[in-house]
$ cat input29.tsv   # TSV, C-alpha atoms and all ligand atoms
chain	number	residue	atom	x	y	z
K	1	MET	CA	-23.36	16.73	-3.05
K	2	ASN	CA	-22.31	18.05	-6.45
K	3	ILE	CA	-19.98	20.85	-7.54
K	4	SER	CA	-22.65	23.56	-7.39
K	5	THR	CA	-23.76	22.74	-3.82
K	6	LEU	CA	-20.10	22.48	-2.85
K	7	LYS	CA	-19.59	25.98	-4.24
K	8	THR	CA	-22.58	27.28	-2.29
K	9	GLN	CA	-21.28	25.68	0.89
K	10	PHE	CA	-17.81	27.10	0.46
K	11	SER	CA	-19.10	30.55	-0.47
K	12	GLU	CA	-20.20	30.86	3.17
K	13	LYS	CA	-16.62	30.29	4.37
K	14	ASP	CA	-13.50	32.34	3.92
K	15	GLY	CA	-11.61	30.42	1.26
K	16	SER	CA	-9.44	33.34	0.18
K	17	MET	CA	-6.19	31.96	1.61
K	18	TYR	CA	-6.71	28.69	-0.29
K	19	GLY	CA	-7.45	30.42	-3.58
K	20	ARG	CA	-11.20	29.99	-3.59
K	21	LYS	CA	-11.34	28.23	-6.97
K	22	ASN	CA	-8.89	25.53	-5.80
K	23	VAL	CA	-11.25	24.32	-3.14
K	24	GLU	CA	-14.59	25.05	-4.81
K	25	GLU	CA	-13.88	23.00	-7.89
K	26	SER	CA	-11.82	20.30	-6.27
K	27	THR	CA	-12.70	16.65	-6.75
K	28	ALA	CA	-10.84	15.94	-3.49
K	29	MET	CA	-13.07	18.36	-1.56
K	30	LEU	CA	-16.14	16.95	-3.29
K	31	TYR	CA	-15.13	13.45	-2.23
K	32	HIS	CA	-14.41	14.57	1.32
K	33	GLU	CA	-17.79	16.30	1.63
K	34	ASN	CA	-19.60	13.27	0.23
K	35	SER	CA	-17.89	10.83	2.56
K	36	LYS	CA	-18.58	12.83	5.73
K	37	PHE	CA	-20.63	11.22	8.46
K	38	ASN	CA	-23.54	12.99	10.08
K	39	SER	CA	-25.75	11.67	12.85
K	40	TYR	CA	-28.01	9.95	10.31
K	41	SER	CA	-25.35	8.45	8.05
K	42	ILE	CA	-23.20	7.20	10.92
K	43	ARG	CA	-26.20	5.23	12.12
K	44	SER	CA	-27.11	3.77	8.77
K	45	GLN	CA	-23.46	2.95	8.10
K	46	GLY	CA	-23.39	1.24	11.52
K	47	GLU	CA	-26.36	-0.89	10.48
K	48	LYS	CA	-24.60	-1.80	7.24
K	49	ILE	CA	-21.50	-2.80	9.19
K	50	ALA	CA	-23.57	-4.89	11.61
K	51	ALA	CA	-25.27	-6.66	8.69
K	52	PHE	CA	-21.85	-7.45	7.32
K	53	ASN	CA	-21.13	-9.55	10.37
K	54	ASN	CA	-22.82	-12.80	9.37
K	55	PRO	CA	-21.47	-16.32	8.93
K	56	TYR	CA	-21.65	-16.24	5.11
K	57	VAL	CA	-19.58	-13.07	4.76
K	58	ASN	CA	-17.24	-14.01	7.62
K	59	GLU	CA	-16.40	-17.26	5.91
K	60	ARG	CA	-15.60	-15.52	2.64
K	61	SER	CA	-13.55	-12.74	4.19
K	62	SER	CA	-10.86	-15.16	5.32
K	63	GLN	CA	-8.64	-14.72	2.28
K	64	PRO	CA	-8.28	-10.99	1.54
K	65	PHE	CA	-5.28	-11.20	-0.77
K	66	LYS	CA	-4.51	-11.95	-4.36
K	67	CYS	CA	-2.61	-14.98	-5.51
K	68	TYR	CA	-1.33	-15.99	-8.92
K	69	PRO	CA	-1.83	-19.76	-9.20
K	70	GLY	CA	0.51	-21.45	-11.63
K	71	TYR	CA	3.18	-18.75	-11.51
K	72	PRO	CA	6.66	-19.73	-10.26
K	73	THR	CA	7.27	-18.67	-6.66
K	74	ILE	CA	10.27	-17.88	-4.48
K	75	ASP	CA	9.70	-18.93	-0.90
K	76	LEU	CA	11.07	-16.44	1.63
K	77	SER	CA	9.46	-18.00	4.69
K	78	ALA	CA	12.69	-19.64	5.92
K	79	TYR	CA	13.75	-16.20	7.19
K	80	LYS	CA	10.83	-16.07	9.63
K	81	ASP	CA	12.92	-17.54	12.42
K	82	ILE	CA	15.61	-14.88	12.24
K	83	GLU	CA	15.00	-12.08	14.72
K	84	PHE	CA	16.14	-8.66	13.68
K	85	GLU	CA	17.38	-6.04	16.10
K	86	SER	CA	16.44	-2.43	15.87
K	87	ASN	CA	16.41	0.67	17.99
K	88	PHE	CA	13.02	2.26	17.47
K	89	GLN	CA	14.02	5.74	18.55
K	90	SER	CA	17.04	5.85	16.27
K	91	LEU	CA	14.92	4.46	13.41
K	92	ILE	CA	12.28	7.14	13.61
K	93	THR	CA	14.68	10.02	14.10
K	94	ASN	CA	17.19	8.95	11.44
K	95	ARG	CA	14.71	8.06	8.71
K	96	ARG	CA	15.04	10.41	5.75
K	97	SER	CA	14.25	10.03	2.07
K	98	VAL	CA	17.17	8.68	0.06
K	99	ARG	CA	17.36	9.71	-3.59
K	100	ASP	CA	20.64	8.22	-4.79
K	101	PHE	CA	21.71	4.59	-4.40
K	102	LYS	CA	24.78	2.42	-4.92
K	103	THR	CA	24.30	1.02	-8.43
K	104	SER	CA	26.31	-2.11	-7.71
K	105	TYR	CA	24.20	-3.06	-4.69
K	106	LYS	CA	22.14	-6.24	-5.03
K	107	VAL	CA	19.18	-6.47	-2.68
K	108	SER	CA	19.24	-9.80	-0.84
K	109	LEU	CA	16.41	-12.25	-0.25
K	110	TYR	CA	16.64	-11.58	3.48
K	111	GLU	CA	16.22	-7.82	2.90
K	112	LEU	CA	13.22	-8.48	0.66
K	113	PHE	CA	11.73	-10.78	3.28
K	114	VAL	CA	12.14	-8.34	6.19
K	115	SER	CA	10.90	-5.29	4.26
K	116	LEU	CA	7.89	-7.01	2.67
K	117	TYR	CA	6.83	-9.54	5.27
K	118	HIS	CA	7.06	-7.23	8.25
K	119	SER	CA	5.23	-4.42	6.50
K	120	TYR	CA	2.27	-6.45	5.17
K	121	GLY	CA	2.80	-10.19	5.53
K	122	VAL	CA	0.55	-12.31	7.73
K	123	THR	CA	2.35	-12.28	11.09
K	124	LYS	CA	-0.44	-13.84	13.14
K	125	TRP	CA	-3.32	-16.21	12.39
K	126	ALA	CA	-6.37	-15.51	14.54
K	127	LYS	CA	-9.25	-17.94	14.88
K	128	MET	CA	-12.35	-16.47	13.20
K	129	GLN	CA	-15.47	-15.83	15.21
K	130	GLY	CA	-19.03	-15.92	13.90
K	131	LEU	CA	-18.75	-18.80	11.45
K	132	GLU	CA	-21.48	-21.38	10.94
K	133	GLU	CA	-21.42	-24.16	13.49
K	134	GLY	CA	-18.83	-26.79	12.75
K	135	LYS	CA	-16.81	-24.49	10.50
K	136	GLU	CA	-13.39	-23.17	11.31
K	137	GLY	CA	-11.36	-20.43	9.75
K	138	HIS	CA	-8.41	-18.21	10.44
K	139	LEU	CA	-7.88	-14.58	9.67
K	140	GLY	CA	-4.37	-13.53	8.73
K	141	LEU	CA	-3.42	-10.44	10.74
K	142	ARG	CA	-0.70	-8.06	9.64
K	143	ASN	CA	1.61	-5.61	11.43
K	144	VAL	CA	-0.56	-2.64	10.40
K	145	PRO	CA	-4.10	-1.86	11.55
K	146	SER	CA	-6.79	-2.34	8.89
K	147	GLY	CA	-10.41	-1.13	8.85
K	148	GLY	CA	-12.51	-4.27	9.52
K	149	GLY	CA	-9.42	-6.44	9.05
K	150	LEU	CA	-10.18	-6.37	5.32
K	151	TYR	CA	-6.59	-5.70	4.22
K	152	PRO	CA	-7.12	-3.98	0.86
K	153	ILE	CA	-3.41	-3.52	0.00
K	154	GLU	CA	-1.41	-5.66	-2.45
K	155	MET	CA	2.37	-5.47	-2.79
K	156	TYR	CA	4.40	-5.73	-5.97
K	157	VAL	CA	8.13	-5.34	-6.21
K	158	VAL	CA	10.18	-4.61	-9.31
K	159	ILE	CA	13.76	-5.82	-8.96
K	160	PHE	CA	16.43	-3.97	-10.93
K	161	ASN	CA	19.44	-5.44	-9.14
K	162	GLY	CA	19.17	-8.27	-6.64
K	163	HIS	CA	19.96	-11.83	-5.68
K	164	ILE	CA	16.95	-12.90	-7.75
K	165	PRO	CA	16.51	-12.15	-11.45
K	166	ALA	CA	15.38	-8.66	-12.42
K	167	GLY	CA	11.63	-8.63	-12.93
K	168	LEU	CA	8.17	-7.96	-11.53
K	169	TYR	CA	7.07	-9.94	-8.47
K	170	HIS	CA	3.90	-10.06	-6.37
K	171	PHE	CA	4.32	-10.59	-2.64
K	172	ARG	CA	2.02	-13.22	-1.25
K	173	PRO	CA	1.35	-12.33	2.40
K	174	ASP	CA	0.13	-15.70	3.69
K	175	THR	CA	3.08	-17.79	2.54
K	176	ALA	CA	5.71	-15.01	2.57
K	177	SER	CA	6.67	-15.79	-1.00
K	178	LEU	CA	7.29	-13.87	-4.18
K	179	GLU	CA	5.28	-14.81	-7.24
K	180	VAL	CA	7.27	-14.23	-10.41
K	181	LEU	CA	4.95	-12.27	-12.72
K	182	LYS	CA	7.48	-11.40	-15.41
K	183	GLU	CA	11.25	-11.48	-15.63
K	184	GLY	CA	13.29	-8.75	-17.32
K	185	GLY	CA	15.03	-5.45	-16.75
K	186	PHE	CA	12.23	-2.91	-16.47
K	187	ALA	CA	14.18	0.14	-15.23
K	188	GLU	CA	13.99	1.91	-18.61
K	189	ASP	CA	10.25	1.19	-18.95
K	190	LEU	CA	9.57	2.51	-15.47
K	191	LEU	CA	11.63	5.65	-16.07
K	192	LYS	CA	9.09	6.56	-18.76
K	193	ILE	CA	6.13	5.84	-16.46
K	194	VAL	CA	7.42	7.30	-13.18
K	195	GLN	CA	8.53	10.94	-12.97
K	196	ALA	CA	11.53	10.47	-10.69
K	197	GLU	CA	14.37	12.38	-12.31
K	198	PRO	CA	16.14	14.74	-11.84
K	199	TYR	CA	15.58	14.61	-8.06
K	200	VAL	CA	15.64	10.85	-7.59
K	201	ASN	CA	18.24	8.68	-9.32
K	202	MET	CA	15.75	5.88	-9.84
K	203	LYS	CA	17.98	3.81	-12.12
K	204	SER	CA	20.54	3.44	-9.31
K	205	ALA	CA	17.93	1.82	-7.01
K	206	SER	CA	17.89	-1.92	-6.37
K	207	GLY	CA	14.18	-1.88	-7.10
K	208	ILE	CA	10.78	-0.27	-6.71
K	209	LEU	CA	8.03	-1.23	-4.30
K	210	ILE	CA	4.57	-0.63	-5.73
K	211	THR	CA	1.53	-1.09	-3.54
K	212	THR	CA	-2.02	-1.13	-4.82
K	213	GLY	CA	-5.43	-1.04	-3.18
K	214	VAL	CA	-8.37	-3.31	-3.98
K	215	ILE	CA	-11.13	-0.89	-2.99
K	216	GLU	CA	-13.86	-3.47	-3.49
K	217	ARG	CA	-12.72	-5.26	-0.32
K	218	LEU	CA	-13.65	-2.18	1.70
K	219	MET	CA	-16.63	-0.84	-0.30
K	220	ILE	CA	-18.83	-3.78	0.61
K	221	LYS	CA	-18.64	-2.70	4.24
K	222	TYR	CA	-17.66	0.95	4.41
K	223	GLY	CA	-19.19	2.53	1.29
K	224	GLU	CA	-17.89	6.04	0.53
K	225	ARG	CA	-15.69	5.98	3.61
K	226	SER	CA	-13.60	3.25	1.98
K	227	TYR	CA	-11.29	5.52	0.04
K	228	ARG	CA	-10.26	7.32	3.22
K	229	PHE	CA	-9.51	3.97	4.89
K	230	LEU	CA	-7.60	2.76	1.84
K	231	MET	CA	-5.34	5.83	1.80
K	232	GLN	CA	-4.75	5.58	5.56
K	233	GLU	CA	-3.71	1.96	5.27
K	234	ALA	CA	-1.49	2.64	2.26
K	235	GLY	CA	0.24	5.25	4.43
K	236	TYR	CA	0.82	2.81	7.29
K	237	VAL	CA	2.24	0.18	4.97
K	238	GLY	CA	4.46	2.63	3.10
K	239	PHE	CA	5.80	4.15	6.29
K	240	LEU	CA	6.43	0.81	7.95
K	241	TYR	CA	8.23	-0.29	4.79
K	242	ASN	CA	10.30	2.90	5.00
K	243	LEU	CA	11.28	2.17	8.62
K	244	LEU	CA	12.08	-1.45	7.82
K	245	CYS	CA	14.39	-0.32	5.00
K	246	GLU	CA	16.08	2.00	7.49
K	247	SER	CA	16.49	-0.87	9.98
K	248	LEU	CA	18.23	-2.91	7.26
K	249	GLY	CA	20.61	-0.06	6.40
K	250	LEU	CA	18.72	0.51	3.14
K	251	GLY	CA	17.10	3.75	2.08
K	252	CYS	CA	14.05	4.60	0.07
K	253	CYS	CA	12.08	7.43	-1.47
K	254	TRP	CA	8.41	7.78	-2.28
K	255	LEU	CA	7.69	8.72	-5.87
K	256	GLY	CA	4.43	10.61	-6.17
K	257	GLY	CA	4.46	11.40	-9.90
K	258	TYR	CA	3.52	8.53	-12.18
K	259	HIS	CA	1.24	7.85	-15.14
K	260	ASP	CA	-1.44	5.84	-13.39
K	261	ASP	CA	-2.83	3.92	-16.33
K	262	ASN	CA	0.60	3.04	-17.72
K	263	LEU	CA	1.67	1.75	-14.32
K	264	ASN	CA	-1.58	-0.21	-13.95
K	265	GLU	CA	-0.93	-1.76	-17.35
K	266	PHE	CA	2.66	-2.59	-16.40
K	267	LEU	CA	1.40	-4.42	-13.29
K	268	GLY	CA	-1.39	-6.14	-15.23
K	269	ILE	CA	-4.13	-4.77	-12.96
K	270	ASP	CA	-7.46	-3.27	-14.04
K	271	GLY	CA	-6.80	0.25	-12.74
K	272	VAL	CA	-10.38	0.70	-11.51
K	273	PHE	CA	-11.06	-1.82	-8.76
K	274	GLU	CA	-7.34	-2.19	-8.06
K	275	THR	CA	-5.21	0.95	-8.27
K	276	VAL	CA	-1.68	2.05	-7.40
K	277	ASN	CA	-1.14	4.00	-4.18
K	278	ASN	CA	2.58	3.82	-3.19
K	279	VAL	CA	5.57	3.86	-5.49
K	280	ILE	CA	8.81	3.67	-3.50
K	281	ALA	CA	12.36	3.35	-4.85
K	282	PHE	CA	14.71	1.46	-2.53
K	283	GLY	CA	18.37	0.50	-2.37
K	284	SER	CA	21.62	0.99	-0.54
K	285	PRO	CA	22.06	4.74	0.13
K	286	ASN	CA	24.74	6.47	-1.87
K	287	GLU	CA	24.39	9.80	-0.18
K	288	GLN	CA	21.73	11.61	1.77
K	289	CYS	CA	20.28	14.48	-0.19
K	290	SER	CA	17.67	17.00	0.72
K	291	ILE	CA	14.70	18.10	-1.39
F	301	LIG	C1	3.20	10.75	-0.93
F	301	LIG	C2	4.62	11.20	-1.11
F	301	LIG	C3	5.12	11.44	-2.37
F	301	LIG	C4	6.46	11.83	-2.55
F	301	LIG	N1	6.93	11.99	-3.82
F	301	LIG	C5	8.23	12.35	-4.00
F	301	LIG	C6	8.77	12.47	-5.32
F	301	LIG	O1	8.07	12.24	-6.33
F	301	LIG	N2	10.07	12.82	-5.46
F	301	LIG	C7	10.87	13.07	-4.39
F	301	LIG	O2	12.04	13.40	-4.58
F	301	LIG	N3	10.40	12.93	-3.12
F	301	LIG	C8	9.11	12.57	-2.90
F	301	LIG	N4	8.62	12.40	-1.62
F	301	LIG	C9	9.52	12.58	-0.46
F	301	LIG	C10	9.33	13.94	0.22
F	301	LIG	O3	9.84	14.97	-0.59
F	301	LIG	C11	10.03	13.88	1.57
F	301	LIG	O4	9.43	12.89	2.39
F	301	LIG	C12	9.99	15.21	2.30
F	301	LIG	O5	10.72	16.18	1.59
F	301	LIG	C13	10.55	15.12	3.72
F	301	LIG	O6	11.88	14.62	3.69
F	301	LIG	P1	12.32	13.28	4.45
F	301	LIG	O7	11.49	12.14	3.92
F	301	LIG	O8	13.78	13.09	4.11
F	301	LIG	O9	12.11	13.46	5.92
F	301	LIG	C14	7.29	12.02	-1.42
F	301	LIG	C15	6.77	11.78	-0.15
F	301	LIG	C16	5.47	11.36	0.02
F	301	LIG	C17	4.95	11.07	1.41

$ encode --input "input29.tsv" --output "structure tokens"
Amino acid sequence: MNISTLKTQFSEKDGSMYGRKNVEESTAMLYHENSKFNSYSIRSQGEKIAAFNNPYVNERSSQPFKCYPGYPTIDLSAYKDIEFESNFQSLITNRRSVRDFKTSYKVSLYELFVSLYHSYGVTKWAKMQGLEEGKEGHLGLRNVPSGGGLYPIEMYVVIFNGHIPAGLYHFRPDTASLEVLKEGGFAEDLLKIVQAEPYVNMKSASGILITTGVIERLMIKYGERSYRFLMQEAGYVGFLYNLLCESLGLGCCWLGGYHDDNLNEFLGIDGVFETVNNVIAFGSPNEQCSI
């Protein structure tokens, strides 16, 4: 479907309350229309998914995460044995966006471990089925559901103030470690890239969580549907991260306005096959504020 057929389709509906032009010329609507299933496409997509389930692909789908060989790492896995207590009901009812943080607060390694590992680290290794005879493999499962278990999300954290040097880190989900991508104070750089102020006092945060999506991991199996799945999963991860911050007595706030390409460049990612989807400032709450 292209813009002109979209317009024809929408002209048959009452779009007045949406401001007709907003929906008729929307790339989002165009994408949604083009990724809809009908009785034919759901079948052909089903065949594609079935074809995906073969020993060759299964073997290669066992490591759906990035790693940065040769970069220094900080191992957080020692914290795996510590159980953390939380009251689920109080977590979900008390969670609110926090926009101002205690500037002196240094985020600890334990807090980084809990918030990153429990939102997207590998928390269970499951034996893979459907491999060639004699081969063995394990799939790393996470605490969030993932279409096809393909786990398209990557997590980066920028530390402004913490028990580790300020800098940009990549979270490696299998080993629960942080890969040190670059050290330095990047708060000023990020203030130019992310539109946080005046509502969010970003500089007072202990750091920023940035998650990205590697769409290629999903496209091979789910075609046009992939972008929907990617956004759903980004939402699960971001929300779980938000609840985990709450459980640690930290607060956080999503930041929806950022210059995509500048942020991609800052992370050192290509910005096409891997793109940013969550930008979340976190720290020790200074005061609760409303929108
Ligand atoms: C995708 C997304 C983007 C957001 N972007 C911003 C933002 O740029 N600045 C901001 O102050 N709040 C932002 N928020 C937070 C919302 O304003 C907030 O969740 C909403 O007002 C409800 O308040 P609560 O989170 O305290 O319940 C964002 C939330 C989401 C889910």

$ atom_distance --input "input29.tsv" --atom1 "atom C16 of ligand LIG 301 (chain F)" --atom2 "atom CA of K:Gly185"
25.6 Å

$ residues_near_point --input "input29.tsv" --point "(16.6, 9.8, -11.5)" --cutoff "12 Å" --atoms "all atoms listed in the file" --output "PyMOL selection string"
chain K and resi 98-101+187-188+190-192+194-205+253+255+281

$ write_last_selection --input "input29.tsv" --atoms "C-alpha atoms" --output "tab-separated table (two decimals), in the frame of the given file"
chain	number	residue	atom	x	y	z
K	98	VAL	CA	17.17	8.68	0.06
K	99	ARG	CA	17.36	9.71	-3.59
K	100	ASP	CA	20.64	8.22	-4.79
K	101	PHE	CA	21.71	4.59	-4.40
K	187	ALA	CA	14.18	0.14	-15.23
K	188	GLU	CA	13.99	1.91	-18.61
K	190	LEU	CA	9.57	2.51	-15.47
K	191	LEU	CA	11.63	5.65	-16.07
K	192	LYS	CA	9.09	6.56	-18.76
K	194	VAL	CA	7.42	7.30	-13.18
K	195	GLN	CA	8.53	10.94	-12.97
K	196	ALA	CA	11.53	10.47	-10.69
K	197	GLU	CA	14.37	12.38	-12.31
K	198	PRO	CA	16.14	14.74	-11.84
K	199	TYR	CA	15.58	14.61	-8.06
K	200	VAL	CA	15.64	10.85	-7.59
K	201	ASN	CA	18.24	8.68	-9.32
K	202	MET	CA	15.75	5.88	-9.84
K	203	LYS	CA	17.98	3.81	-12.12
K	204	SER	CA	20.54	3.44	-9.31
K	205	ALA	CA	17.93	1.82	-7.01
K	253	CYS	CA	12.08	7.43	-1.47
K	255	LEU	CA	7.69	8.72	-5.87
K	281	ALA	CA	12.36	3.35	-4.85

$ atom_distance --input "input29.tsv" --atom1 "atom CA of K:Asn277" --atom2 "atom CA of K:Asn143"
18.5 Å

$ atom_distance --input "input29.tsv" --atom1 "atom CA of K:Met155" --atom2 "atom CA of K:Thr211"
4.5 Å

$ closest_residue --input "input29.tsv" --among "K:His163, K:His259, K:Lys36, K:Arg20" --to "ligand LIG 301 (chain F)" --atoms "all atoms listed in the file"
K:His259

$ residues_around --input "input29.tsv" --residues "K:Gly148" --least-positions-apart "3" --cutoff "12 Å" --atoms "only C-alpha atoms" --output "mmCIF file with C-alpha atoms, in the coordinates of the input"
data_model
loop_
_atom_site.group_PDB
_atom_site.id
_atom_site.type_symbol
_atom_site.label_atom_id
_atom_site.label_comp_id
_atom_site.auth_asym_id
_atom_site.auth_seq_id
_atom_site.Cartn_x
_atom_site.Cartn_y
_atom_site.Cartn_z
ATOM 1 C CA ILE K 49 -21.500 -2.800 9.190
ATOM 2 C CA ALA K 50 -23.570 -4.890 11.610
ATOM 3 C CA PHE K 52 -21.850 -7.450 7.320
ATOM 4 C CA ASN K 53 -21.130 -9.550 10.370
ATOM 5 C CA ASN K 58 -17.240 -14.010 7.620
ATOM 6 C CA SER K 61 -13.550 -12.740 4.190
ATOM 7 C CA SER K 62 -10.860 -15.160 5.320
ATOM 8 C CA PRO K 64 -8.280 -10.990 1.540
ATOM 9 C CA LEU K 139 -7.880 -14.580 9.670
ATOM 10 C CA LEU K 141 -3.420 -10.440 10.740
ATOM 11 C CA PRO K 145 -4.100 -1.860 11.550
ATOM 12 C CA TYR K 151 -6.590 -5.700 4.220
ATOM 13 C CA PRO K 152 -7.120 -3.980 0.860
ATOM 14 C CA ARG K 217 -12.720 -5.260 -0.320
ATOM 15 C CA LEU K 218 -13.650 -2.180 1.700
ATOM 16 C CA MET K 219 -16.630 -0.840 -0.300
ATOM 17 C CA ILE K 220 -18.830 -3.780 0.610
ATOM 18 C CA LYS K 221 -18.640 -2.700 4.240
ATOM 19 C CA TYR K 222 -17.660 0.950 4.410
ATOM 20 C CA SER K 226 -13.600 3.250 1.980
ATOM 21 C CA PHE K 229 -9.510 3.970 4.890
ATOM 22 C CA LEU K 230 -7.600 2.760 1.840
ATOM 23 C CA GLU K 233 -3.710 1.960 5.270
#

$ closest_residue --input "input29.tsv" --among "K:Glu246, K:Glu183, K:Asp261, K:Glu154" --to "ligand LIG 301 (chain F)" --atoms "all atoms listed in the file"
K:Glu246

$ closest_residue --input "input29.tsv" --among "K:Val122, K:Ala234, K:Leu76, K:Ile208" --to "K:Leu178" --atoms "all atoms listed in the file"
K:Leu76

$ residues_around --input "input29.tsv" --residues "K:Tyr71" --least-positions-apart "3" --cutoff "12 Å" --atoms "all atoms listed in the file" --output "ChimeraX atom specification"
/K:67-68,74,168-170,172,177-183
